[in-house]
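Colleague: File name work-v8.cif; file contents mmCIF, C-alpha atoms; full text below.
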data_model
#
loop_
_atom_site.label_atom_id
_atom_site.label_comp_id
_atom_site.auth_asym_id
_atom_site.auth_seq_id
_atom_site.Cartn_x
_atom_site.Cartn_y
_atom_site.Cartn_z
CA MET A 1 75.45 76.62 -16.00
CA ALA A 2 73.36 78.56 -13.50
CA ARG A 3 69.72 77.70 -12.95
CA MET A 4 67.60 79.36 -15.60
CA THR A 5 64.40 81.21 -14.75
CA LEU A 6 61.26 81.14 -16.88
CA ASP A 7 61.97 84.74 -17.93
CA GLU A 8 65.44 83.79 -19.09
CA LEU A 9 63.92 80.88 -21.00
CA ARG A 10 61.46 83.28 -22.70
CA ALA A 11 64.33 85.63 -23.64
CA LEU A 12 66.36 82.76 -25.05
CA ARG A 13 63.36 81.63 -27.05
CA GLU A 14 63.00 85.11 -28.52
CA THR A 15 66.68 85.19 -29.57
CA LYS A 16 66.39 81.76 -31.19
CA ARG A 17 63.15 82.73 -32.91
CA GLN A 18 64.87 85.72 -34.51
CA ASP A 19 67.78 83.53 -35.61
CA LEU A 20 65.39 81.03 -37.17
CA ALA A 21 63.33 83.71 -38.89
CA ARG A 22 66.42 84.74 -40.82
CA ARG A 23 66.74 81.31 -42.35
CA ASP A 24 64.79 80.16 -45.36
CA VAL A 25 62.05 78.04 -43.80
CA GLU A 26 59.64 75.94 -45.82
CA GLY A 27 57.35 75.19 -42.88
CA LYS A 28 57.26 72.43 -40.35
CA ASP A 29 56.40 69.59 -42.61
CA ILE A 30 58.66 66.82 -41.34
CA GLN A 31 57.10 64.70 -38.59
CA ILE A 32 58.90 62.18 -36.43
CA ILE A 33 57.03 59.96 -33.98
CA VAL A 34 58.88 57.99 -31.32
CA GLY A 35 57.24 54.89 -29.79
CA MET A 36 57.27 55.44 -26.03
CA GLY A 37 55.36 52.38 -24.83
CA THR A 38 56.71 50.03 -22.14
CA CYS A 39 58.58 48.10 -24.85
CA GLY A 40 60.12 51.24 -26.35
CA ILE A 41 61.21 52.66 -22.99
CA ALA A 42 62.75 49.31 -21.99
CA ALA A 43 64.74 49.31 -25.23
CA GLY A 44 66.04 52.85 -24.71
CA ALA A 45 63.54 55.03 -26.62
CA LYS A 46 64.27 57.95 -24.30
CA LEU A 47 67.90 57.94 -25.49
CA THR A 48 66.64 57.82 -29.07
CA PHE A 49 64.33 60.81 -28.43
CA ASP A 50 67.22 62.74 -26.92
CA ALA A 51 69.59 61.84 -29.77
CA LEU A 52 67.01 62.94 -32.37
CA VAL A 53 66.62 66.37 -30.71
CA ASP A 54 70.41 66.86 -30.57
CA SER A 55 71.09 65.60 -34.06
CA ILE A 56 68.29 67.61 -35.71
CA GLN A 57 69.60 70.71 -34.00
CA LYS A 58 73.16 69.92 -35.06
CA HIS A 59 72.01 69.80 -38.68
CA GLY A 60 70.10 73.08 -38.31
CA LEU A 61 66.75 71.43 -39.12
CA GLU A 62 65.00 72.35 -35.86
CA SER A 63 62.61 74.79 -37.50
CA LYS A 64 61.32 72.15 -39.92
CA VAL A 65 60.75 69.13 -37.71
CA LEU A 66 58.10 68.15 -35.17
CA ILE A 67 58.83 65.27 -32.80
CA ARG A 68 55.92 63.52 -31.11
CA GLN A 69 55.74 60.57 -28.78
CA THR A 70 53.24 57.79 -28.96
CA GLY A 71 52.63 54.42 -27.31
CA CYS A 72 53.52 51.02 -28.70
CA MET A 73 53.31 50.59 -32.50
CA GLY A 74 53.14 46.81 -32.07
CA LEU A 75 56.72 46.17 -33.19
CA CYS A 76 57.92 45.34 -29.68
CA TYR A 77 60.60 42.98 -31.02
CA VAL A 78 62.45 45.77 -32.86
CA GLU A 79 62.14 48.65 -30.39
CA PRO A 80 62.94 51.48 -30.23
CA THR A 81 60.69 52.38 -33.17
CA VAL A 82 60.50 55.73 -34.95
CA GLU A 83 58.04 56.78 -37.66
CA VAL A 84 59.15 59.41 -40.16
CA ALA A 85 56.83 61.35 -42.48
CA TYR A 86 58.79 63.49 -44.92
CA PRO A 87 56.88 65.11 -47.79
CA GLY A 88 57.78 63.48 -51.08
CA MET A 89 59.12 60.34 -49.42
CA PRO A 90 57.25 57.23 -48.26
CA THR A 91 56.20 57.30 -44.61
CA VAL A 92 58.18 54.59 -42.87
CA ILE A 93 58.50 53.05 -39.45
CA TYR A 94 62.07 52.31 -38.53
CA GLY A 95 62.97 49.68 -35.92
CA LYS A 96 66.06 49.06 -33.79
CA MET A 97 66.58 52.82 -33.58
CA THR A 98 69.32 53.14 -31.00
CA SER A 99 70.76 56.61 -30.44
CA ASP A 100 73.45 55.89 -33.06
CA ALA A 101 70.79 54.83 -35.54
CA ALA A 102 68.87 58.02 -34.71
CA GLU A 103 71.84 60.09 -35.85
CA GLU A 104 72.03 58.01 -39.00
CA LEU A 105 68.31 58.65 -39.56
CA VAL A 106 68.81 62.41 -39.44
CA GLN A 107 71.83 62.28 -41.77
CA LYS A 108 70.35 59.89 -44.33
CA HIS A 109 66.57 60.39 -44.26
CA LEU A 110 66.34 64.09 -43.43
CA VAL A 111 69.51 65.41 -45.06
CA GLU A 112 70.33 63.02 -47.92
CA HIS A 113 66.72 61.89 -48.53
CA THR A 114 67.55 58.20 -48.65
CA LEU A 115 65.93 55.48 -46.53
CA LEU A 116 67.75 53.42 -43.90
CA ASP A 117 67.25 50.09 -45.63
CA ASN A 118 68.26 47.90 -42.72
CA HIS A 119 65.81 49.50 -40.28
CA ILE A 120 62.56 49.63 -42.25
CA PHE A 121 59.53 47.91 -40.72
CA ASP A 122 57.03 49.80 -42.83
CA ARG A 123 53.84 49.91 -40.76
CA PRO A 124 52.40 49.04 -37.33
CA ALA A 125 52.01 45.33 -36.60
CA ALA A 126 48.80 43.96 -38.14
CA ASP A 127 47.51 42.37 -34.93
CA ILE A 128 47.31 45.64 -33.00
CA LEU A 129 45.40 47.62 -35.61
CA LYS A 130 41.80 48.37 -34.67
CA LYS A 131 39.41 46.56 -36.98
CA MET B 1 62.66 45.28 -18.35
CA HIS B 2 63.46 48.88 -17.59
CA TYR B 3 67.03 49.81 -16.83
CA ALA B 4 66.72 52.91 -14.67
CA ILE B 5 64.23 54.35 -12.16
CA VAL B 6 63.43 57.23 -14.54
CA ASP B 7 62.29 54.66 -17.13
CA PHE B 8 59.61 53.43 -14.71
CA VAL B 9 58.51 57.04 -14.19
CA THR B 10 58.29 57.66 -17.96
CA ASP B 11 56.21 54.50 -18.38
CA ILE B 12 53.75 55.35 -15.59
CA ALA B 13 53.58 58.99 -16.75
CA GLN B 14 52.76 57.80 -20.27
CA ASN B 15 49.84 55.75 -18.87
CA ALA B 16 48.64 58.86 -17.00
CA CYS B 17 48.84 61.02 -20.14
CA GLU B 18 46.80 58.44 -22.08
CA SER B 19 44.15 58.17 -19.36
CA GLY B 20 42.14 61.14 -20.59
CA ALA B 21 43.37 63.19 -17.62
CA SER B 22 43.13 66.97 -17.42
CA ARG B 23 45.81 66.99 -14.71
CA VAL B 24 48.88 64.84 -14.28
CA GLY B 25 51.20 65.33 -11.32
CA ILE B 26 54.68 63.90 -10.88
CA VAL B 27 56.63 64.13 -7.62
CA PHE B 28 60.23 62.94 -7.77
CA SER B 29 62.21 63.16 -4.50
CA GLU B 30 65.69 61.95 -3.93
CA ASP B 31 68.07 61.76 -0.98
CA ASP B 32 71.44 60.08 -0.60
CA ASP B 33 69.76 56.79 0.26
CA ARG B 34 66.22 56.99 -1.16
CA VAL B 35 64.21 57.76 -4.25
CA ASP B 36 60.47 58.38 -3.89
CA VAL B 37 58.08 58.93 -6.76
CA ALA B 38 54.38 59.67 -7.08
CA VAL B 39 52.45 59.90 -10.36
CA GLU B 40 48.81 60.97 -10.13
CA ASP B 41 46.18 61.63 -12.76
CA ASP B 42 42.49 62.52 -12.83
CA GLY B 43 41.81 60.33 -15.86
CA LYS B 44 39.45 57.42 -16.39
CA GLY B 45 40.67 55.32 -13.44
CA MET B 46 39.91 51.67 -12.76
CA ASP B 47 37.44 49.74 -10.62
CA ALA B 48 38.69 47.22 -8.03
CA GLY B 49 38.60 44.32 -10.49
CA GLN B 50 40.47 46.18 -13.22
CA LEU B 51 42.99 47.42 -10.66
CA ALA B 52 43.75 43.87 -9.48
CA ARG B 53 44.14 42.69 -13.08
CA ALA B 54 46.38 45.66 -13.97
CA LEU B 55 49.15 44.07 -11.89
CA ASP B 56 48.87 40.82 -13.86
CA PRO B 57 51.42 40.88 -16.72
CA PHE B 58 49.10 38.74 -18.84
CA TYR B 59 46.28 41.27 -18.73
CA THR B 60 45.67 44.40 -20.79
CA ASP B 61 42.47 46.36 -21.32
CA GLY B 62 42.69 45.55 -25.02
CA GLU B 63 42.74 49.21 -26.06
CA LYS B 64 46.44 49.67 -26.64
CA HIS B 65 47.02 46.27 -28.26
CA PRO B 66 43.70 44.86 -29.45
CA GLY B 67 45.21 41.51 -30.50
CA ARG B 68 47.52 41.01 -27.54
CA LYS B 69 47.31 39.77 -23.99
CA VAL B 70 50.18 41.40 -22.12
CA GLY B 71 50.46 44.62 -20.16
CA LEU B 72 53.86 44.99 -18.58
CA GLY B 73 54.18 48.58 -17.34
CA LEU B 74 52.83 48.24 -13.79
CA PRO B 75 53.95 44.59 -13.33
CA PHE B 76 57.55 45.56 -14.23
CA LEU B 77 57.51 48.32 -11.64
CA LYS B 78 55.98 46.17 -8.90
CA GLN B 79 58.46 43.39 -9.62
CA ALA B 80 61.43 45.79 -9.46
CA ALA B 81 60.20 47.24 -6.16
CA ASP B 82 59.49 43.80 -4.66
CA GLN B 83 62.90 42.47 -5.68
CA ASP B 84 65.02 45.06 -3.94
CA GLY B 85 63.20 46.16 -0.83
CA GLY B 86 61.39 49.05 -2.49
CA ARG B 87 57.77 50.03 -2.05
CA PHE B 88 54.90 50.18 -4.49
CA SER B 89 51.26 51.17 -4.11
CA ILE B 90 48.45 52.05 -6.45
CA ARG B 91 45.06 53.61 -5.78
CA SER B 92 42.45 54.06 -8.44
CA GLU B 93 38.80 54.97 -8.74
CA LEU B 94 36.74 54.52 -11.85
CA GLY B 95 36.07 57.89 -13.44
CA ARG B 96 38.20 59.73 -10.87
CA GLY B 97 41.82 58.85 -11.63
CA THR B 98 44.80 56.84 -10.51
CA ALA B 99 47.69 57.42 -8.12
CA VAL B 100 50.85 55.32 -8.28
CA GLU B 101 53.50 55.69 -5.60
CA PHE B 102 56.80 53.90 -5.37
CA GLY B 103 60.19 54.17 -3.76
CA PHE B 104 63.59 52.55 -3.89
CA ASP B 105 66.31 52.16 -1.29
CA LYS B 106 69.55 53.27 -2.96
CA ARG B 107 71.58 51.35 -0.37
CA ASN B 108 70.16 48.06 -1.65
CA VAL B 109 72.63 46.41 -4.00
CA ASP B 110 69.83 45.59 -6.46
CA CYS B 111 68.43 49.13 -6.61
CA PRO B 112 68.29 50.28 -10.26
CA PRO B 113 70.32 53.39 -11.18
CA VAL B 114 68.31 56.64 -11.00
CA GLY B 115 69.05 57.56 -14.64
CA ASP B 116 68.77 60.86 -16.47
CA VAL B 117 66.15 62.92 -14.61
CA PRO B 118 66.01 66.00 -16.92
CA GLY B 119 65.77 63.63 -19.92
CA MET B 120 62.82 61.88 -18.30
CA LEU B 121 61.11 65.21 -17.49
CA LEU B 122 61.57 66.35 -21.11
CA SER B 123 59.88 63.21 -22.38
CA ALA B 124 57.07 63.39 -19.79
CA LEU B 125 56.36 67.09 -20.42
CA CYS B 126 56.19 66.56 -24.18
CA MET B 127 53.80 63.61 -24.17
CA PRO B 128 50.73 64.37 -26.25
CA GLY B 129 47.43 65.41 -24.66
CA GLY B 130 45.78 68.63 -23.58
CA HIS B 131 46.39 68.03 -19.86
CA GLU B 132 48.21 70.25 -17.39
CA MET B 133 51.28 68.55 -15.94
CA THR B 134 52.91 69.62 -12.70
CA ILE B 135 56.30 68.39 -11.63
CA ALA B 136 57.74 68.69 -8.14
CA ARG B 137 61.38 67.70 -8.03
CA ARG B 138 63.58 67.48 -4.95
CA ARG B 139 67.15 66.21 -4.66
CA GLY B 140 68.66 66.82 -1.23
CA SER B 141 68.41 70.56 -0.65
CA LEU B 142 67.69 71.34 -4.34
CA SER B 143 64.05 71.68 -5.27
CA TYR B 144 61.97 73.11 -8.09
CA GLU B 145 58.49 72.95 -9.53
CA LEU B 146 57.41 73.04 -13.15
CA ARG B 147 54.10 73.48 -14.93
CA LYS B 148 53.57 72.37 -18.49
CA SER B 149 51.28 75.36 -19.19
CA GLU B 150 53.98 77.84 -18.14
CA LEU B 151 56.57 76.11 -20.31
CA ILE B 152 54.21 76.15 -23.30
CA GLU B 153 53.54 79.83 -22.64
CA ALA B 154 57.31 80.50 -22.64
CA LEU B 155 58.26 78.25 -25.56
CA GLY B 156 55.22 77.64 -27.74
CA ASN B 157 54.52 74.21 -29.20
CA LEU B 158 56.57 71.63 -27.30
CA GLU B 159 56.63 69.31 -30.31
CA GLU B 160 58.85 71.66 -32.30
CA VAL B 161 62.47 70.62 -32.12
CA SER B 162 63.54 74.23 -31.51
CA SER B 163 61.34 74.25 -28.36
CA LEU B 164 62.48 70.78 -27.33
CA ALA B 165 66.13 71.81 -27.53
CA LEU B 166 65.52 74.90 -25.37
CA LEU B 167 63.39 72.95 -22.90
CA LYS B 168 66.15 70.37 -22.61
CA GLN B 169 68.68 73.11 -21.81
CA PHE B 170 66.24 74.64 -19.28
CA LEU B 171 65.60 71.30 -17.54
CA ARG B 172 69.32 70.52 -17.31
CA SER B 173 69.91 73.94 -15.75
CA GLN B 174 67.27 73.23 -13.07
CA GLU B 175 69.36 70.34 -11.80
CA GLU B 176 72.34 72.62 -11.14
CA GLY B 177 72.78 73.16 -7.41
#
Any chance you could put this one into structure tokens?

Modeller:
Amino acid sequence: MARMTLDELRALRETKRQDLARRDVEGKDIQIIVGMGTCGIAAGAKLTFDALVDSIQKHGLESKVLIRQTGCMGLCYVEPTVEVAYPGMPTVIYGKMTSDAAEELVQKHLVEHTLLDNHIFDRPAADILKK
Amino acid sequence: MHYAIVDFVTDIAQNACESGASRVGIVFSEDDDRVDVAVEDDGKGMDAGQLARALDPFYTDGEKHPGRKVGLGLPFLKQAADQDGGRFSIRSELGRGTAVEFGFDKRNVDCPPVGDVPGMLLSALCMPGGHEMTIARRRGSLSYELRKSELIEALGNLEEVSSLALLKQFLRSQEEG
């Protein structure tokens, strides 16, 4: 792969945009938030972030999903943590989200609409919430 | 504890992005035997007392974790640098910003692996906040510079997975000789 210029990046973006416009898009209503605090990074959250981008693209969901990063959600003992908000499903925080688990998340939560029972930690830790 | 040098950079960059900065700069230089990094922001900064305490693992400003008493980002980095003949320095001024500089000697047997540089840049560029981020990367004779504003102008919202996938491809291509 040769080094890409910004102009080539713009052109590629335009091609992809046209491809995506042809698909039936409901809007970007799925939000994924990856915990990127010291604890998350130490547990491999960057690999999780990367795996989510790849897996979402592989499933053709890239026009529907936003991925954000945040700091620590207080669940340092089960990092990496990932929060998923999918309309019509409960918003959950998943823990122990290795890159393999991230692929499972995309397959089960985003495609099959079922929760990953063994990874659910529900909400940020109570002791870090602002009173 | 972080595994790779890029993990330390992500951690320090995340602090910078949360500091209320309008500008964040990352310099990442690499030779056969050295890695040198600088992360600077013009965010809220720290006074001398806060700066001294920031290197204490059992101190945090209480904003990120109101009920907790640890802050490990900077202490991890300083410990890693101290342990394997690296260097670490931090300058900060209240209301003006913070500059963290560190380096590792790759010839030292305890030097952490460099890690995935484009992956780290992707994460750093997509951290939330309305700041401009500049990145200056050098590896031997290869060098390039990136600006977050230019990438947003080319790609649109960097939180969309379609943009993230393209940005990832772009960043990987920059590392090609």

Colleague: Taking the file above as input, evaluate the PyMOL selection byres ((chain B and resi 103) around 10) and report the hits as number ranges by chain.

Modeller: B: 5, 28-30, 34-38, 81, 85-89, 101-102, 104-106

Colleague: What does the PyMOL selection byres ((chain B) within 9 of (chain A)) select in this file, as a PyMOL selection string?

Modeller: chain B and resi 1-3+7-8+10-12+14-15+18+63-68+71-73+119-120+122-123+126-128+150-151+153-155+158-177

Colleague: Can you work out the spacing between atom CA of A:Glu103 and atom CA of A:Ala51 in Å, to one decimal?

Modeller: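 Computing the Euclidean distance for atom CA of A:Glu103 and atom CA of A:Ala51 yields 6.7 Å.
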
Colleague: Just say which residues the PyMOL selection byres ((chain A and resi 111) around 12) picks in this file, as a short mmCIF file (atom, residue, chain, number, x, y, z; two decimals) with C-alpha atoms, keeping the file's coordinate frame.

Modeller:
data_model
loop_
_atom_site.label_atom_id
_atom_site.label_comp_id
_atom_site.auth_asym_id
_atom_site.auth_seq_id
_atom_site.Cartn_x
_atom_site.Cartn_y
_atom_site.Cartn_z
CA ILE A 30 58.66 66.82 -41.34
CA SER A 55 71.09 65.60 -34.06
CA ILE A 56 68.29 67.61 -35.71
CA LYS A 58 73.16 69.92 -35.06
CA HIS A 59 72.01 69.80 -38.68
CA GLY A 60 70.10 73.08 -38.31
CA LEU A 61 66.75 71.43 -39.12
CA LYS A 64 61.32 72.15 -39.92
CA TYR A 86 58.79 63.49 -44.92
CA GLU A 103 71.84 60.09 -35.85
CA GLU A 104 72.03 58.01 -39.00
CA LEU A 105 68.31 58.65 -39.56
CA VAL A 106 68.81 62.41 -39.44
CA GLN A 107 71.83 62.28 -41.77
CA LYS A 108 70.35 59.89 -44.33
CA HIS A 109 66.57 60.39 -44.26
CA LEU A 110 66.34 64.09 -43.43
CA GLU A 112 70.33 63.02 -47.92
CA HIS A 113 66.72 61.89 -48.53
CA THR A 114 67.55 58.20 -48.65
CA LEU A 115 65.93 55.48 -46.53
#

Colleague: Can you work out the spacing between atom CA of B:Leu55 and atom CA of A:Leu75 in Å, to one decimal?

Modeller: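 Calculated distance between atom CA of B:Leu55 and atom CA of A:Leu75 is 22.7 Å.
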
Colleague: I need every residue sitting at most 10 Å from the point (59.5, 48.4, -39.2) (coordinates as in the file, all atoms listed in the file considered), written as a ChimeraX atom specification.

Modeller: /A:73-75,77-79,81-83,92-96,118-125

Colleague: How many Å separate atom CA of B:Val6 from atom CA of B:Ala80?

Modeller: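 Atom CA of B:Ala80 lies 12.7 Å from atom CA of B:Val6.
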